[in-house]
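Shown here: protein.tsv, TSV, C-alpha atoms.
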chain	number	residue	atom	x	y	z
A	1	MET	CA	11.78	-72.42	4.53
A	2	THR	CA	12.25	-68.67	4.00
A	3	SER	CA	8.99	-67.89	5.73
A	4	THR	CA	10.11	-69.83	8.79
A	5	LEU	CA	13.23	-67.70	9.10
A	6	GLU	CA	11.22	-64.50	8.67
A	7	GLU	CA	8.81	-65.55	11.39
A	8	LEU	CA	11.75	-66.37	13.60
A	9	ASP	CA	13.27	-62.91	13.08
A	10	LEU	CA	9.95	-61.26	13.74
A	11	ASP	CA	9.49	-63.28	16.90
A	12	THR	CA	12.87	-62.19	18.15
A	13	THR	CA	12.67	-58.51	17.23
A	14	THR	CA	9.11	-57.80	18.35
A	15	ARG	CA	9.43	-59.61	21.65
A	16	VAL	CA	8.91	-57.28	24.60
A	17	ALA	CA	11.53	-57.43	27.29
A	18	ALA	CA	9.17	-58.92	29.88
A	19	ASP	CA	8.57	-62.01	27.77
A	20	VAL	CA	10.79	-64.92	28.65
A	21	PRO	CA	11.76	-66.54	25.37
A	22	TRP	CA	11.53	-70.22	24.65
A	23	GLN	CA	13.97	-72.57	22.96
A	24	THR	CA	13.92	-75.47	20.57
A	25	VAL	CA	16.48	-78.02	21.75
A	26	VAL	CA	17.63	-80.94	19.60
A	27	TRP	CA	19.14	-83.88	21.50
A	28	ASP	CA	21.78	-86.37	20.47
A	29	ASP	CA	20.54	-89.70	19.22
A	30	PRO	CA	22.98	-92.50	18.37
A	31	VAL	CA	20.66	-93.63	15.56
A	32	ASN	CA	20.58	-90.59	13.30
A	33	LEU	CA	23.30	-90.05	10.71
A	34	MET	CA	25.26	-86.81	11.14
A	35	THR	CA	24.79	-85.98	7.45
A	36	TYR	CA	21.03	-86.37	7.89
A	37	VAL	CA	20.83	-84.08	10.93
A	38	SER	CA	22.86	-81.42	9.13
A	39	TYR	CA	20.68	-81.70	6.01
A	40	VAL	CA	17.51	-81.34	8.11
A	41	PHE	CA	18.87	-78.22	9.81
A	42	ARG	CA	19.71	-76.64	6.47
A	43	SER	CA	16.53	-77.61	4.71
A	44	TYR	CA	14.07	-76.80	7.48
A	45	PHE	CA	15.63	-73.77	9.22
A	46	GLY	CA	17.40	-72.48	6.12
A	47	PHE	CA	20.74	-72.30	7.95
A	48	PRO	CA	23.88	-71.82	5.87
A	49	ARG	CA	25.92	-75.01	5.57
A	50	ALA	CA	28.55	-73.93	8.13
A	51	GLU	CA	25.93	-73.08	10.78
A	52	ALA	CA	24.04	-76.33	10.19
A	53	GLU	CA	27.28	-78.30	10.55
A	54	ARG	CA	28.21	-76.40	13.73
A	55	LEU	CA	24.84	-77.13	15.34
A	56	MET	CA	24.95	-80.77	14.22
A	57	LEU	CA	28.41	-81.19	15.78
A	58	CYS	CA	27.15	-79.44	18.91
A	59	VAL	CA	24.34	-82.02	19.16
A	60	HIS	CA	26.86	-84.80	18.57
A	61	THR	CA	29.56	-83.69	21.01
A	62	GLU	CA	27.61	-81.73	23.67
A	63	GLY	CA	24.57	-83.97	23.58
A	64	ARG	CA	22.23	-81.12	22.63
A	65	ALA	CA	21.98	-77.86	20.75
A	66	ILE	CA	19.62	-74.89	20.89
A	67	VAL	CA	18.54	-74.49	17.27
A	68	ALA	CA	15.94	-71.74	17.69
A	69	THR	CA	14.74	-69.15	20.22
A	70	GLY	CA	11.43	-67.29	20.18
A	71	ASN	CA	7.86	-67.48	21.35
A	72	ARG	CA	6.42	-70.70	22.62
A	73	GLU	CA	4.07	-71.34	19.70
A	74	ALA	CA	6.89	-70.97	17.17
A	75	MET	CA	9.12	-73.33	19.20
A	76	GLU	CA	6.34	-75.91	19.35
A	77	ARG	CA	5.98	-75.73	15.57
A	78	HIS	CA	9.72	-76.34	15.20
A	79	VAL	CA	9.66	-79.27	17.63
A	80	GLU	CA	6.72	-80.81	15.81
A	81	ALA	CA	8.66	-80.48	12.55
A	82	MET	CA	11.78	-82.04	14.12
A	83	HIS	CA	9.68	-84.97	15.38
A	84	GLY	CA	8.39	-85.32	11.84
A	85	TYR	CA	11.99	-85.72	10.69
A	86	GLY	CA	12.64	-88.27	13.43
A	87	LEU	CA	14.86	-86.01	15.55
A	88	GLN	CA	14.60	-85.90	19.33
A	89	ALA	CA	13.58	-82.32	20.13
A	90	THR	CA	12.08	-80.52	23.12
A	91	VAL	CA	10.68	-77.11	24.03
A	92	SER	CA	12.14	-75.36	27.03
A	93	ARG	CA	12.19	-71.96	28.63
A	94	ALA	CA	15.32	-69.97	27.80
A	95	GLU	CA	17.72	-69.35	30.68
A	96	PRO	CA	17.20	-65.81	31.95
B	1	MET	CA	21.40	-101.39	-4.65
B	2	ILE	CA	22.51	-98.44	-6.74
B	3	VAL	CA	21.84	-94.87	-5.65
B	4	ALA	CA	22.53	-92.20	-8.26
B	5	GLY	CA	21.56	-88.72	-9.33
B	6	ARG	CA	18.85	-88.16	-11.93
B	7	SER	CA	19.67	-87.00	-15.41
B	8	ASP	CA	17.84	-83.69	-14.87
B	9	GLY	CA	19.85	-83.06	-11.71
B	10	GLU	CA	17.06	-82.91	-9.11
B	11	GLY	CA	16.33	-85.80	-6.79
B	12	VAL	CA	17.66	-89.32	-6.74
B	13	ARG	CA	17.39	-92.56	-8.69
B	14	LEU	CA	17.39	-95.93	-6.92
B	15	VAL	CA	17.99	-99.31	-8.49
B	16	LEU	CA	17.15	-102.18	-6.16
B	17	GLU	CA	17.50	-105.91	-6.57
B	18	THR	CA	14.06	-107.53	-6.40
B	19	GLU	CA	14.94	-109.08	-3.02
B	20	GLU	CA	15.97	-105.67	-1.66
B	21	ALA	CA	12.73	-104.12	-2.88
B	22	MET	CA	10.71	-106.91	-1.24
B	23	LEU	CA	12.60	-106.47	2.03
B	24	LEU	CA	12.06	-102.71	1.99
B	25	SER	CA	8.38	-103.15	1.21
B	26	GLU	CA	8.01	-105.55	4.12
B	27	LEU	CA	9.88	-103.23	6.50
B	28	ALA	CA	7.78	-100.25	5.36
B	29	ASP	CA	4.64	-102.24	6.04
B	30	GLN	CA	5.91	-103.02	9.54
B	31	VAL	CA	6.67	-99.35	10.24
B	32	ASP	CA	3.13	-98.51	9.14
B	33	SER	CA	1.78	-101.20	11.46
B	34	VAL	CA	3.75	-99.91	14.44
B	35	LEU	CA	2.28	-96.44	13.83
B	36	LEU	CA	-1.23	-97.78	13.32
B	37	LEU	CA	-1.38	-100.47	15.99
B	38	GLY	CA	1.45	-99.59	18.37
B	39	GLU	CA	0.56	-99.81	22.04
B	40	VAL	CA	0.79	-96.56	23.96
B	41	ASP	CA	3.70	-97.93	26.00
B	42	ASP	CA	5.62	-99.31	22.99
B	43	PRO	CA	9.10	-97.79	23.44
B	44	ALA	CA	9.55	-97.71	19.64
B	45	LEU	CA	6.58	-95.35	19.36
B	46	GLY	CA	8.20	-93.26	22.05
B	47	ARG	CA	11.21	-92.86	19.77
B	48	LEU	CA	9.04	-91.82	16.81
B	49	LEU	CA	6.86	-89.48	18.86
B	50	PRO	CA	9.03	-88.26	21.74
B	51	SER	CA	7.82	-85.93	24.46
B	52	ALA	CA	8.22	-82.22	23.70
B	53	TYR	CA	8.25	-81.43	27.44
B	54	PRO	CA	9.94	-84.32	29.28
B	55	GLU	CA	9.75	-82.44	32.60
B	56	ASP	CA	6.21	-81.12	32.27
B	57	HIS	CA	3.63	-83.87	31.97
B	58	ALA	CA	0.64	-81.56	31.39
B	59	ALA	CA	2.39	-79.53	28.68
B	60	SER	CA	3.64	-82.73	27.11
B	61	GLN	CA	0.12	-84.16	26.90
B	62	GLU	CA	-1.23	-80.89	25.52
B	63	PHE	CA	1.45	-80.88	22.81
B	64	GLU	CA	0.71	-84.50	22.00
B	65	ARG	CA	-3.01	-83.79	21.71
B	66	TYR	CA	-2.40	-81.14	19.05
B	67	THR	CA	0.39	-82.79	17.09
B	68	ARG	CA	0.16	-86.56	17.35
B	69	ASP	CA	-2.44	-87.23	14.67
B	70	SER	CA	-0.73	-85.21	11.96
B	71	LEU	CA	2.71	-86.59	12.88
B	72	VAL	CA	1.39	-90.16	12.72
B	73	ASP	CA	-0.35	-89.39	9.41
B	74	GLY	CA	2.81	-87.95	7.89
B	75	LYS	CA	4.95	-90.87	9.01
B	76	ARG	CA	2.39	-93.42	7.87
B	77	GLN	CA	2.10	-91.76	4.47
B	78	ALA	CA	5.89	-91.82	4.04
B	79	ALA	CA	6.01	-95.53	4.97
B	80	GLN	CA	3.08	-96.36	2.69
B	81	ARG	CA	4.69	-94.59	-0.27
B	82	VAL	CA	7.90	-96.57	0.20
B	83	ARG	CA	5.88	-99.78	0.59
B	84	ASP	CA	3.89	-99.09	-2.58
B	85	ALA	CA	6.92	-98.04	-4.63
B	86	THR	CA	8.75	-101.25	-3.73
B	87	ALA	CA	5.82	-103.67	-3.72
B	88	SER	CA	5.07	-106.51	-6.16
B	89	HIS	CA	7.81	-106.53	-8.73
B	90	GLU	CA	7.82	-110.28	-9.18
B	91	GLY	CA	9.43	-111.41	-12.39
B	92	GLU	CA	11.61	-108.32	-12.69
B	93	ARG	CA	15.29	-108.56	-11.84
B	94	VAL	CA	15.67	-104.99	-10.64
B	95	VAL	CA	13.32	-102.28	-9.46
B	96	GLN	CA	14.03	-98.73	-10.60
B	97	ILE	CA	12.61	-95.84	-8.60
B	98	GLU	CA	12.92	-92.14	-9.43
B	99	LEU	CA	12.33	-89.64	-6.65
B	100	ASP	CA	12.15	-85.86	-6.83
B	101	GLU	CA	13.49	-83.92	-3.87
B	102	SER	CA	10.19	-83.88	-2.00
B	103	GLU	CA	9.64	-87.61	-2.54
B	104	ALA	CA	13.22	-88.23	-1.45
B	105	TRP	CA	12.46	-86.46	1.85
B	106	GLY	CA	9.67	-88.97	2.42
B	107	TRP	CA	12.17	-91.78	1.98
B	108	LEU	CA	14.76	-90.13	4.25
B	109	THR	CA	12.24	-89.65	7.06
B	110	PHE	CA	10.88	-93.17	6.59
B	111	LEU	CA	14.41	-94.63	6.79
B	112	THR	CA	14.98	-92.61	9.98
B	113	ASP	CA	11.75	-93.91	11.54
B	114	LEU	CA	12.62	-97.45	10.47
B	115	ARG	CA	16.06	-97.19	12.08
B	116	LEU	CA	14.58	-95.76	15.29
B	117	ILE	CA	12.19	-98.71	15.53
B	118	LEU	CA	14.87	-101.30	14.70
B	119	ALA	CA	17.29	-99.71	17.19
B	120	GLU	CA	14.65	-99.97	19.89
B	121	ARG	CA	13.79	-103.57	19.01
B	122	VAL	CA	17.40	-104.73	18.85
B	123	GLY	CA	18.49	-102.65	21.82
B	124	VAL	CA	21.21	-100.58	20.19
B	125	ILE	CA	20.72	-98.15	23.05
B	126	GLU	CA	20.98	-100.76	25.78
B	127	GLU	CA	24.45	-102.06	25.14
B	128	GLY	CA	25.39	-105.19	27.03
B	129	ASP	CA	21.81	-106.38	26.95
B	130	THR	CA	21.95	-110.09	26.20
B	131	GLU	CA	19.06	-110.93	23.93
B	132	SER	CA	18.24	-114.61	23.77
B	133	ASP	CA	16.88	-114.59	20.22
B	134	GLU	CA	20.15	-114.05	18.38
B	135	THR	CA	18.88	-114.89	14.90
B	136	ARG	CA	16.12	-112.31	15.14
B	137	ASP	CA	18.61	-109.78	16.47
B	138	ASP	CA	21.06	-110.46	13.63
B	139	TYR	CA	18.29	-109.90	11.11
B	140	LEU	CA	17.17	-106.66	12.74
B	141	ARG	CA	20.75	-105.43	13.07
B	142	ALA	CA	21.45	-106.18	9.40
B	143	ALA	CA	18.28	-104.33	8.39
B	144	TYR	CA	19.32	-101.41	10.61
B	145	GLU	CA	22.77	-101.19	9.02
B	146	TRP	CA	21.36	-101.56	5.53
B	147	ALA	CA	18.74	-98.81	6.06
B	148	GLY	CA	21.58	-96.55	7.24
B	149	PHE	CA	23.59	-97.39	4.14
B	150	VAL	CA	20.62	-96.55	1.88
B	151	GLN	CA	20.00	-93.28	3.69
B	152	GLY	CA	23.68	-92.32	3.65
B	153	SER	CA	23.91	-93.08	-0.07
B	154	MET	CA	20.83	-90.97	-0.78
B	155	LEU	CA	22.32	-88.06	1.20
B	156	GLU	CA	25.56	-88.30	-0.77
B	157	VAL	CA	23.50	-87.66	-3.92
B	158	LEU	CA	21.09	-85.09	-2.46
B	159	ASP	CA	23.70	-83.17	-0.45
B	160	PRO	CA	27.06	-83.94	-2.10
B	161	ILE	CA	29.42	-81.55	-0.31
B	162	SER	CA	28.71	-82.58	3.27
B	163	SER	CA	29.22	-86.28	2.58

Can you give me the file's structure in the form of structure tokens?
Amino acid sequence: MTSTLEELDLDTTTRVAADVPWQTVVWDDPVNLMTYVSYVFRSYFGFPRAEAERLMLCVHTEGRAIVATGNREAMERHVEAMHGYGLQATVSRAEP
Amino acid sequence: MIVAGRSDGEGVRLVLETEEAMLLSELADQVDSVLLLGEVDDPALGRLLPSAYPEDHAASQEFERYTRDSLVDGKRQAAQRVRDATASHEGERVVQIELDESEAWGWLTFLTDLRLILAERVGVIEEGDTESDETRDDYLRAAYEWAGFVQGSMLEVLDPISS
């Protein structure tokens, strides 16, 4: 979990300005328990409890939340992991 | 069904009635079958393995090519472990299962996949849909609710403050 965060930081800080970043988006799903989504966010991304809860509520109320930003490969790894947990997640280009 | 902490603090302890264990084993076997035999256009499989790029067919297929096998393997392994842990306890009144945190994750993800499949089969998403086979739907809905109860109870033990 720690290594994921470090990679994420590295991705963000070493990105050159010309690169358009990518996003990992998690979508609302009426099936998944809110406590489960929050626990996944904390366990996988290493978010503090408050941040995990905020993002989970964002998914729940807004229908989606951006849970990570960085290079495309890193975002695809996150989306693959989210699919492994049974969450609906997509990769998209960040808004300029 | 009793869901409790373990004496050494890590993980979770489950006590299931024999009937509950048999039901769970059967459901786990069905999840495994959906993953193994599911048709490409099975909407339940679409819930388990959603598109990473819904608006970019080529990118979506590329992602699927690199990730699908390992995702299916992971989900099948989780289902098989639940099936094996709950299988064949005839003669016993209760089935006791101890899970460490990593094993508990396998159960949590399995229960999520199970609920996604049941939701698709019973049409939780398509409200107002009048299904003719009401008995089958009642059974699936009860299994869906029960799987949610088991998962919620496990989370209360594994992640006490948020629950």

Can you tell me how far atom CA of B:Thr67 sits from atom CA of B:Ala52, in Å to one decimal?
10.3 Å

Report as JSON lines the residues of chain B within 8 Å of chain A, each with its shortest atom pair and distance in Å (one decimal), using only C-alpha atoms, ordered by chain and increasing residue number.
{"residue": "B:Arg47", "atom": "CA", "partner": "A:Gln88", "partner_atom": "CA", "distance": 7.8}
{"residue": "B:Leu48", "atom": "CA", "partner": "A:Gly86", "partner_atom": "CA", "distance": 6.1}
{"residue": "B:Leu49", "atom": "CA", "partner": "A:His83", "partner_atom": "CA", "distance": 6.4}
{"residue": "B:Pro50", "atom": "CA", "partner": "A:Gln88", "partner_atom": "CA", "distance": 6.5}
{"residue": "B:Ser51", "atom": "CA", "partner": "A:Thr90", "partner_atom": "CA", "distance": 7.0}
{"residue": "B:Ala52", "atom": "CA", "partner": "A:Thr90", "partner_atom": "CA", "distance": 4.3}
{"residue": "B:Tyr53", "atom": "CA", "partner": "A:Thr90", "partner_atom": "CA", "distance": 5.8}
{"residue": "B:Pro54", "atom": "CA", "partner": "A:Thr90", "partner_atom": "CA", "distance": 7.5}
{"residue": "B:Phe63", "atom": "CA", "partner": "A:Glu76", "partner_atom": "CA", "distance": 7.8}
{"residue": "B:Thr67", "atom": "CA", "partner": "A:Glu80", "partner_atom": "CA", "distance": 6.8}
{"residue": "B:Leu71", "atom": "CA", "partner": "A:Gly84", "partner_atom": "CA", "distance": 5.9}
{"residue": "B:Gly74", "atom": "CA", "partner": "A:Gly84", "partner_atom": "CA", "distance": 7.3}
{"residue": "B:Lys75", "atom": "CA", "partner": "A:Gly84", "partner_atom": "CA", "distance": 7.1}
{"residue": "B:Thr109", "atom": "CA", "partner": "A:Tyr85", "partner_atom": "CA", "distance": 5.4}
{"residue": "B:Thr112", "atom": "CA", "partner": "A:Gly86", "partner_atom": "CA", "distance": 6.0}
{"residue": "B:Asp113", "atom": "CA", "partner": "A:Gly86", "partner_atom": "CA", "distance": 6.0}
{"residue": "B:Arg115", "atom": "CA", "partner": "A:Val31", "partner_atom": "CA", "distance": 6.8}
{"residue": "B:Leu116", "atom": "CA", "partner": "A:Val31", "partner_atom": "CA", "distance": 6.4}
{"residue": "B:Ala119", "atom": "CA", "partner": "A:Val31", "partner_atom": "CA", "distance": 7.1}
{"residue": "B:Ile125", "atom": "CA", "partner": "A:Pro30", "partner_atom": "CA", "distance": 7.7}
{"residue": "B:Gly148", "atom": "CA", "partner": "A:Leu33", "partner_atom": "CA", "distance": 7.6}
{"residue": "B:Gly152", "atom": "CA", "partner": "A:Leu33", "partner_atom": "CA", "distance": 7.4}
{"residue": "B:Leu155", "atom": "CA", "partner": "A:Tyr36", "partner_atom": "CA", "distance": 7.0}
{"residue": "B:Asp159", "atom": "CA", "partner": "A:Tyr39", "partner_atom": "CA", "distance": 7.3}
{"residue": "B:Ser162", "atom": "CA", "partner": "A:Thr35", "partner_atom": "CA", "distance": 6.7}
{"residue": "B:Ser163", "atom": "CA", "partner": "A:Thr35", "partner_atom": "CA", "distance": 6.6}

With only C-alpha atoms as the counted atoms, please give the residues lying no more than 10 Å from stretch 15-18 of chain B, apart from itself and same-chain residues fewer than 4 positions off, as a PyMOL selection string.
chain B and resi 1-4+22-24+86-98

What separates atom CA of A:Cys58 and atom CA of A:His78 is a distance of 18.1 Å

Between atom CA of B:Asp69 and atom CA of B:Gln30 - distance in Å to one decimal
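One can read the atom CA of B:Gln30 to atom CA of B:Asp69 distance as 18.6 Å.
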
Would you compute the box with edges along x, y and z of the file around stretch 56-64 of chain B, including every atom the file lists for it and 6 Å extra on each side, and give its centre and edge lengths in Å to one decimal, as AutoDock Vina command-line options?
--center_x 2.5 --center_y -82.0 --center_z 27.1 --size_x 19.4 --size_y 17.0 --size_z 22.3

Of the residues B:Phe149, B:Phe110, B:Tyr144, B:Trp105, which is the one nearest to B:Arg76, using all atoms listed in the file?
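Ranking B:Phe149, B:Phe110, B:Tyr144, B:Trp105 by distance to B:Arg76, first place goes to B:Phe110.
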
Nearest-residue call for A:Val37, choices B:Arg6, B:Leu114, B:Leu108, B:Ala44, using all atoms listed in the file:
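Result for the nearest residue to A:Val37: B:Leu108.
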
Extract, using all atoms listed in the file, all DNA, RNA and protein residues at most 9 Å from B:Arg121, discarding same-chain residues fewer than 2 positions from it, and format them as an NGL selection string.
:B and (43-44 or 116-119 or 123-124 or 137 or 140)
